[in-house]
Amino acid sequence: MERVRDLASKKAVVIFTKSSCFMCHSIKALFYDLGASPAVHELDQDTKGREMEWALKGLGCNPTVPAVFIGGVFVGSSKDIISLHVEGSLKQMLINAKAIWF
Amino acid sequence: MAGAKIKIGAEDNNNRRSATSVMPSFFSQAPVSNPMGTEANGTQSSRLPDYGVLEQYMGFRVGDPSGISQSPRFTSAADGQLSGADLHSQAFNMTRPSTSTLFPGSQVIQFHKSLAPMPNIVSGSNAQHENWGDSNMADSSSRTDTSTDAEPGDKNLQFEMGQSAAVVISDSTDKSKERNQDQKTQRRLAQNREAARKSRLRKKAYVQQLENSRMKLTQLEQEVQRARQQGVYITSTADQSHTGSANGVLAFDAEYARWMEEQHRLINELRTAVNSHTNDVELRNIVNNAITHFNDVFRLKGNGAKADVFHILLGMWKTPAERCFLWIGGFRPSELLKLLVNQLEPLSEQQLTGIFNLQQSSHQAEDALSQGMDALQQSLGETLATGSSGAEGSSGNVANYMGQMAMAMGKLGTLEGFIRQADNLRQQTLQQMHRILTTKQSARALLLINDYFSRLRALSSLWLARPQES
C-alpha cells in the first residue's frame, strides 16, 4: 500500500497497469490525447506487483488495472475515468492537479 | 340539315381520356379566331380547321354573329354529344371556360350536325391531339392569324386537318357517309373509354396486391416477434452455426425483443405526450422513464456478452444495416450527437457549448477504446502468428500450440471488458445529454434517436427484400 501511495504522489497523473491489459492501453491513450503525461507503472513488471494489486483491490478498484491516481488521489478504474470524462469533470481534475493547463 | 357534332374530348389531368364534349367557338366569323384557346382572344385560330373554307362549302355562316365571344363554351358530359338543340341554344354563347378543363389534349372533333356537314377530323393518333391541346394551352400570345402560326408540328397537323376537313367536305355531303364517320368516331371513343376502364382496373388490382403484401409483411413481423419471445432463436443471416452458450444467446435475444417492445411503448407514450403538449412535470416523468429504460438494455448486453461475447460484439442481434455501422457492439455516441445537434435547435449558448464538449469527450473516449481494441487485435495476431517450425517432437509442438491458444484465449477474454466500457460510454453520453437539454429538447432527442434507428432497421428490411436479378 505504501508503495502505491508513494508512487502515486510522485506525479500529477499516475496509472498502474499490466502489460497484458488492453484496457489500460485505452486509458493511457485517453490521457495522452488530453495532453497529460501520466506516469505508468506496470504491476507485472514490478517485484512487488502482487502486493500492489492487492492494495489496489482494497481501495475498491475493480478491475484492479488500470488504476488511476490524479494529484495523489485515487480516482478509479476505466469505468470511472470514462464517466468522469463524459461528465466533463476529468479535465478539470487534471487542470487542478496541474497535469494540463487548458 | 346535315351537321356534325363538334366534340372534343378533353383530358383531365394526366392521360385519362374521358370524352368531354366541348363547344368550341368555331363560329366566329371574322378571322377564324380561336375557339379552343383559352386565354387570349383570337389567338388560337390555327388550331381549327379553316372555317373560312368550310363556310364557303356550307354556304351559310357558321355561327350567329351576334352572340359570339372568342372562347369556347365547354359542356362536359361524359358520354354525351351535343344535340342539335343544345348547339343552337347554347352554342353561340361563349363563355370563358376554366382553363383547367381545357385541353391537355383533345381527341376527337366532330362537327355538330346542325352546323355543317363536316365529318370528324379525328386523327388517328391521340398523341397529336395532345400536342394540339398542349400547345393551345401553352401558347396564348402569338396567334393572330391562322396561316402564320409559328408552331411547326401542330401547325402541320392543323393544316392537315383543315385540309382533310375541307377535302372531306368537298367529297361527301351526304348523310350516310357522315353517319359512318360518326359511327367510327363513336367506336373509337368507346374503345378509349374501354382502355381507360381497363387501366383503372389494373391499377386497382395492383394497389390491392400491394396492400395484401403489406398486411402479410406485418403479420410475418408479428410472428417473428412472438417466436422471439418464446425463445426461438431467429437469426437475420443465413449463418446458423453458433458454438457454445447457445442458451445464453437465446436468452439474450428473447430479452432484447421484450426490451424493444417496451421501448416502443415508451416512445409512443412520449410521442403522444409531446404532440398533446403535456405539462412539463408529466413530460419529465415520461422522459426519465425512457432514459432509464436504456440502462436496461446495457445491462442485458452485459449479461449477453458474458454468455457469448461475439454475439454481442458483432451485433448478431441487430439488423444487417445496423451492423454495418456498429462500433464495439453498438452505436457510436459522438455520431449520434452529431446527428441530433442540428435538429435540436434552438439551443442556448450554454447548451451548445455543453453539447459540443460532450461530443468532443465522447469522441476522445471512443478513440481511446478503439486504440485499445487495435492493440488487442495486433497482439492476438502476433500470438497466433508465432508458429513453431522446429520438429522437436510432437509433444513439444503440441505444448507450444496449447500455450499459444491459452494466451490467445486470455486475450479474447478482454473483449468483454471493451464491450462493457463502450456501453458505459453510451449510457453516460445519453445521461449527460439529458442533463444538458431541457425536458422538451430531451423528449425530442429521444424521438429523433428512435426514428433514426427505426429507419435504419427499415432500410435493412427493404434492402434484403429488394428484387435481384439472377
# chains A, B, ... in the order shown; residues from 1 in each chain; ligands from 1
call {"tool": "interface_residues", "arguments": {"of": "chain B", "to": "chain A", "cutoff": "9 Å", "atoms": "only C-alpha atoms", "output": "PyMOL selection string"}}
result
chain B and resi 354+357-362+364-365+367-376+411+414+417-418+420-421+424-425+428-429+432
call {"tool": "write_last_selection", "arguments": {"atoms": "C-alpha atoms", "output": "CSV table (one decimal), in the first residue's frame"}}
result
chain,number,residue,atom,x,y,z
B,354,GLY,CA,-22.2,21.7,-23.4
B,357,ASN,CA,-17.9,19.4,-25.2
B,358,LEU,CA,-19.9,16.2,-24.8
B,359,GLN,CA,-19.3,15.4,-28.4
B,360,GLN,CA,-15.6,16.0,-28.0
B,361,SER,CA,-15.3,14.0,-24.8
B,362,SER,CA,-17.2,11.0,-26.2
B,364,GLN,CA,-11.9,11.1,-27.3
B,365,ALA,CA,-13.2,8.2,-25.3
B,367,ASP,CA,-10.7,6.9,-29.9
B,368,ALA,CA,-9.1,5.6,-26.7
B,369,LEU,CA,-11.3,2.5,-26.7
B,370,SER,CA,-10.7,1.9,-30.4
B,371,GLN,CA,-6.9,2.1,-29.8
B,372,GLY,CA,-7.2,-0.5,-27.1
B,373,MET,CA,-9.1,-2.8,-29.4
B,374,ASP,CA,-6.5,-2.3,-32.1
B,375,ALA,CA,-3.7,-3.1,-29.7
B,376,LEU,CA,-5.7,-6.3,-28.7
B,411,LYS,CA,-6.6,-12.0,-24.8
B,414,THR,CA,-10.7,-8.8,-22.6
B,417,GLY,CA,-14.4,-5.6,-20.9
B,418,PHE,CA,-14.3,-3.4,-24.0
B,420,ARG,CA,-18.7,-3.1,-21.1
B,421,GLN,CA,-16.8,0.2,-21.4
B,424,ASN,CA,-20.8,2.5,-20.3
B,425,LEU,CA,-19.7,5.3,-22.6
B,428,GLN,CA,-23.0,8.2,-19.8
B,429,THR,CA,-23.3,10.1,-23.0
B,432,GLN,CA,-25.2,13.8,-19.9
call {"tool": "select_by_dssp", "arguments": {"residues": "chain A", "states": "strand (DSSP E or B)", "output": "number ranges by chain"}}
result
A: 13-17, 39-42, 67-70, 73-76
call {"tool": "closest_residue", "arguments": {"among": "A:Pro38, A:Gly58, A:Pro66, A:Gly72", "to": "Met1 in chain A", "atoms": "only C-alpha atoms"}}
result
A:Gly58
call {"tool": "atom_distance", "arguments": {"atom1": "CA of Val249 in chain B", "atom2": "CA of Leu456 in chain B"}}
result
23.2 Å
call {"tool": "atom_distance", "arguments": {"atom1": "CA of Asn268 in chain B", "atom2": "CA of Ile449 in chain B"}}
result
13.1 Å
call {"tool": "residues_around", "arguments": {"residues": "Trp54 in chain A", "least_positions_apart": "2", "cutoff": "12 Å", "atoms": "only C-alpha atoms", "output": "list in words"}}
result
Met1, Glu2, Arg3, Val4, Leu43, Lys48, Gly49, Arg50, Glu51, Met52, Leu56, Lys57, Gly58, Leu59, Gly60, Cys61, Asn62, Pro63, Thr64, Val65 and Ala67 of chain A
call {"tool": "residues_around", "arguments": {"residues": "Thr383 in chain B", "least_positions_apart": "2", "cutoff": "12 Å", "atoms": "only C-alpha atoms", "output": "PyMOL selection string"}}
result
chain B and resi 376-381+385-388+400-412
call {"tool": "closest_residue", "arguments": {"among": "A:Phe69, A:Gly35, A:Asp44, A:Lys98", "to": "Leu7 in chain A", "atoms": "only C-alpha atoms"}}
result
A:Phe69
call {"tool": "residues_around", "arguments": {"residues": "range 306-308 of chain B", "least_positions_apart": "6", "cutoff": "12 Å", "atoms": "only C-alpha atoms", "output": "ChimeraX atom specification"}}
result
/B:242-253,299-300,314-317,412-420
call {"tool": "write_last_selection", "arguments": {"atoms": "N, CA and C atoms", "output": "short mmCIF file (atom, residue, chain, number, x, y, z; two decimals), in the first residue's frame"}}
result
data_model
loop_
_atom_site.label_atom_id
_atom_site.label_comp_id
_atom_site.auth_asym_id
_atom_site.auth_seq_id
_atom_site.Cartn_x
_atom_site.Cartn_y
_atom_site.Cartn_z
N HIS B 242 -23.54 -21.55 -34.39
CA HIS B 242 -23.11 -20.88 -33.16
C HIS B 242 -22.57 -21.91 -32.20
N THR B 243 -21.32 -21.72 -31.85
CA THR B 243 -20.77 -22.67 -30.90
C THR B 243 -20.93 -22.11 -29.50
N GLY B 244 -21.11 -22.94 -28.58
CA GLY B 244 -21.10 -22.53 -27.18
C GLY B 244 -22.23 -21.62 -26.74
N SER B 245 -22.54 -21.68 -25.51
CA SER B 245 -23.59 -20.93 -24.84
C SER B 245 -24.72 -20.47 -25.76
N ALA B 246 -25.29 -21.42 -26.46
CA ALA B 246 -26.43 -21.08 -27.30
C ALA B 246 -27.59 -20.62 -26.42
N ASN B 247 -27.65 -21.17 -25.26
CA ASN B 247 -28.73 -20.79 -24.35
C ASN B 247 -28.63 -19.33 -23.96
N GLY B 248 -27.40 -18.91 -23.70
CA GLY B 248 -27.22 -17.52 -23.32
C GLY B 248 -27.67 -16.60 -24.44
N VAL B 249 -27.36 -17.03 -25.64
CA VAL B 249 -27.73 -16.23 -26.81
C VAL B 249 -29.25 -16.17 -26.96
N LEU B 250 -29.86 -17.35 -26.81
CA LEU B 250 -31.31 -17.39 -26.91
C LEU B 250 -31.95 -16.48 -25.88
N ALA B 251 -31.44 -16.59 -24.67
CA ALA B 251 -31.98 -15.77 -23.60
C ALA B 251 -31.82 -14.29 -23.93
N PHE B 252 -30.65 -13.92 -24.40
CA PHE B 252 -30.42 -12.52 -24.73
C PHE B 252 -31.38 -12.05 -25.80
N ASP B 253 -31.50 -12.82 -26.85
CA ASP B 253 -32.37 -12.41 -27.95
C ASP B 253 -33.81 -12.24 -27.50
N ARG B 299 -27.57 -3.35 -19.49
CA ARG B 299 -27.40 -4.45 -18.54
C ARG B 299 -27.56 -5.79 -19.26
N LEU B 300 -28.59 -5.84 -20.11
CA LEU B 300 -28.83 -7.07 -20.88
C LEU B 300 -27.62 -7.43 -21.72
N LEU B 314 -20.41 -8.54 -32.45
CA LEU B 314 -20.67 -8.46 -33.87
C LEU B 314 -22.10 -8.03 -34.18
N GLY B 315 -22.86 -7.73 -33.14
CA GLY B 315 -24.21 -7.24 -33.37
C GLY B 315 -25.11 -8.23 -34.07
N MET B 316 -24.93 -9.50 -33.77
CA MET B 316 -25.74 -10.52 -34.45
C MET B 316 -27.22 -10.35 -34.15
N TRP B 317 -27.53 -9.65 -33.13
CA TRP B 317 -28.90 -9.44 -32.71
C TRP B 317 -29.51 -8.20 -33.36
N LEU B 412 -8.62 -12.85 -25.76
CA LEU B 412 -10.01 -12.71 -26.17
C LEU B 412 -10.91 -12.34 -25.00
N GLY B 413 -10.55 -12.81 -23.85
CA GLY B 413 -11.35 -12.54 -22.67
C GLY B 413 -11.52 -11.06 -22.39
N THR B 414 -10.59 -10.25 -22.89
CA THR B 414 -10.69 -8.83 -22.61
C THR B 414 -11.75 -8.14 -23.46
N LEU B 415 -12.22 -8.85 -24.47
CA LEU B 415 -13.25 -8.26 -25.32
C LEU B 415 -14.47 -7.85 -24.50
N GLU B 416 -14.82 -8.72 -23.57
CA GLU B 416 -15.99 -8.42 -22.76
C GLU B 416 -15.84 -7.08 -22.07
N GLY B 417 -14.63 -6.82 -21.58
CA GLY B 417 -14.36 -5.55 -20.90
C GLY B 417 -14.56 -4.37 -21.84
N PHE B 418 -14.17 -4.53 -23.07
CA PHE B 418 -14.33 -3.43 -24.02
C PHE B 418 -15.80 -3.15 -24.30
N ILE B 419 -16.56 -4.23 -24.45
CA ILE B 419 -17.98 -4.03 -24.68
C ILE B 419 -18.60 -3.30 -23.49
N ARG B 420 -18.18 -3.71 -22.33
CA ARG B 420 -18.72 -3.10 -21.13
C ARG B 420 -18.39 -1.60 -21.10
#
call {"tool": "atom_distance", "arguments": {"atom1": "CA of Lys338 in chain B", "atom2": "CA of Thr439 in chain B"}}
result
19.4 Å
call {"tool": "select_by_dssp", "arguments": {"residues": "chain A", "states": "alpha helix (DSSP H)", "output": "PyMOL selection string"}}
result
chain A and resi 2-10+22-34+49-58+78-87+89-96
call {"tool": "write_last_selection", "arguments": {"atoms": "C-alpha atoms", "output": "mmCIF file, in the first residue's frame"}}
result
data_model
loop_
_atom_site.group_PDB
_atom_site.id
_atom_site.type_symbol
_atom_site.label_atom_id
_atom_site.label_comp_id
_atom_site.auth_asym_id
_atom_site.auth_seq_id
_atom_site.Cartn_x
_atom_site.Cartn_y
_atom_site.Cartn_z
ATOM 1 C CA GLU A 2 2.761 2.357 0.880
ATOM 2 C CA ARG A 3 4.475 1.743 -2.366
ATOM 3 C CA VAL A 4 1.284 2.509 -4.176
ATOM 4 C CA ARG A 5 0.762 5.730 -2.258
ATOM 5 C CA ASP A 6 4.389 6.607 -2.688
ATOM 6 C CA LEU A 7 4.390 6.190 -6.407
ATOM 7 C CA ALA A 8 1.030 7.866 -6.743
ATOM 8 C CA SER A 9 2.221 11.039 -5.115
ATOM 9 C CA LYS A 10 5.253 11.405 -7.316
ATOM 10 C CA PHE A 22 -5.521 -3.711 -23.334
ATOM 11 C CA MET A 23 -7.998 -1.563 -21.457
ATOM 12 C CA CYS A 24 -5.000 0.007 -19.784
ATOM 13 C CA HIS A 25 -3.777 0.800 -23.243
ATOM 14 C CA SER A 26 -7.037 2.632 -23.909
ATOM 15 C CA ILE A 27 -6.915 4.660 -20.714
ATOM 16 C CA LYS A 28 -3.320 5.617 -21.341
ATOM 17 C CA ALA A 29 -4.266 6.698 -24.854
ATOM 18 C CA LEU A 30 -7.021 8.865 -23.420
ATOM 19 C CA PHE A 31 -4.662 10.704 -21.099
ATOM 20 C CA TYR A 32 -2.126 11.234 -23.845
ATOM 21 C CA ASP A 33 -4.893 12.595 -26.017
ATOM 22 C CA LEU A 34 -5.805 15.057 -23.286
ATOM 23 C CA GLY A 49 3.421 -6.175 -8.134
ATOM 24 C CA ARG A 50 1.206 -8.680 -6.427
ATOM 25 C CA GLU A 51 1.047 -6.769 -3.195
ATOM 26 C CA MET A 52 0.318 -3.589 -5.000
ATOM 27 C CA GLU A 53 -2.501 -5.229 -6.874
ATOM 28 C CA TRP A 54 -3.870 -6.424 -3.564
ATOM 29 C CA ALA A 55 -3.690 -2.903 -2.199
ATOM 30 C CA LEU A 56 -5.490 -1.527 -5.185
ATOM 31 C CA LYS A 57 -8.210 -4.069 -4.739
ATOM 32 C CA GLY A 58 -8.504 -2.894 -1.197
ATOM 33 C CA SER A 78 -11.596 2.612 -16.551
ATOM 34 C CA LYS A 79 -15.323 2.938 -15.967
ATOM 35 C CA ASP A 80 -14.847 5.815 -13.538
ATOM 36 C CA ILE A 81 -12.440 7.593 -15.825
ATOM 37 C CA ILE A 82 -14.758 7.374 -18.793
ATOM 38 C CA SER A 83 -17.759 8.530 -16.772
ATOM 39 C CA LEU A 84 -15.832 11.478 -15.380
ATOM 40 C CA HIS A 85 -14.619 12.425 -18.804
ATOM 41 C CA VAL A 86 -18.104 12.370 -20.329
ATOM 42 C CA GLU A 87 -19.377 14.490 -17.457
ATOM 43 C CA SER A 89 -15.062 16.626 -14.718
ATOM 44 C CA LEU A 90 -11.914 14.804 -15.734
ATOM 45 C CA LYS A 91 -10.416 17.761 -17.498
ATOM 46 C CA GLN A 92 -10.996 19.990 -14.510
ATOM 47 C CA MET A 93 -9.351 17.490 -12.188
ATOM 48 C CA LEU A 94 -6.316 17.408 -14.445
ATOM 49 C CA ILE A 95 -6.160 21.165 -14.501
ATOM 50 C CA ASN A 96 -6.438 21.313 -10.751
#
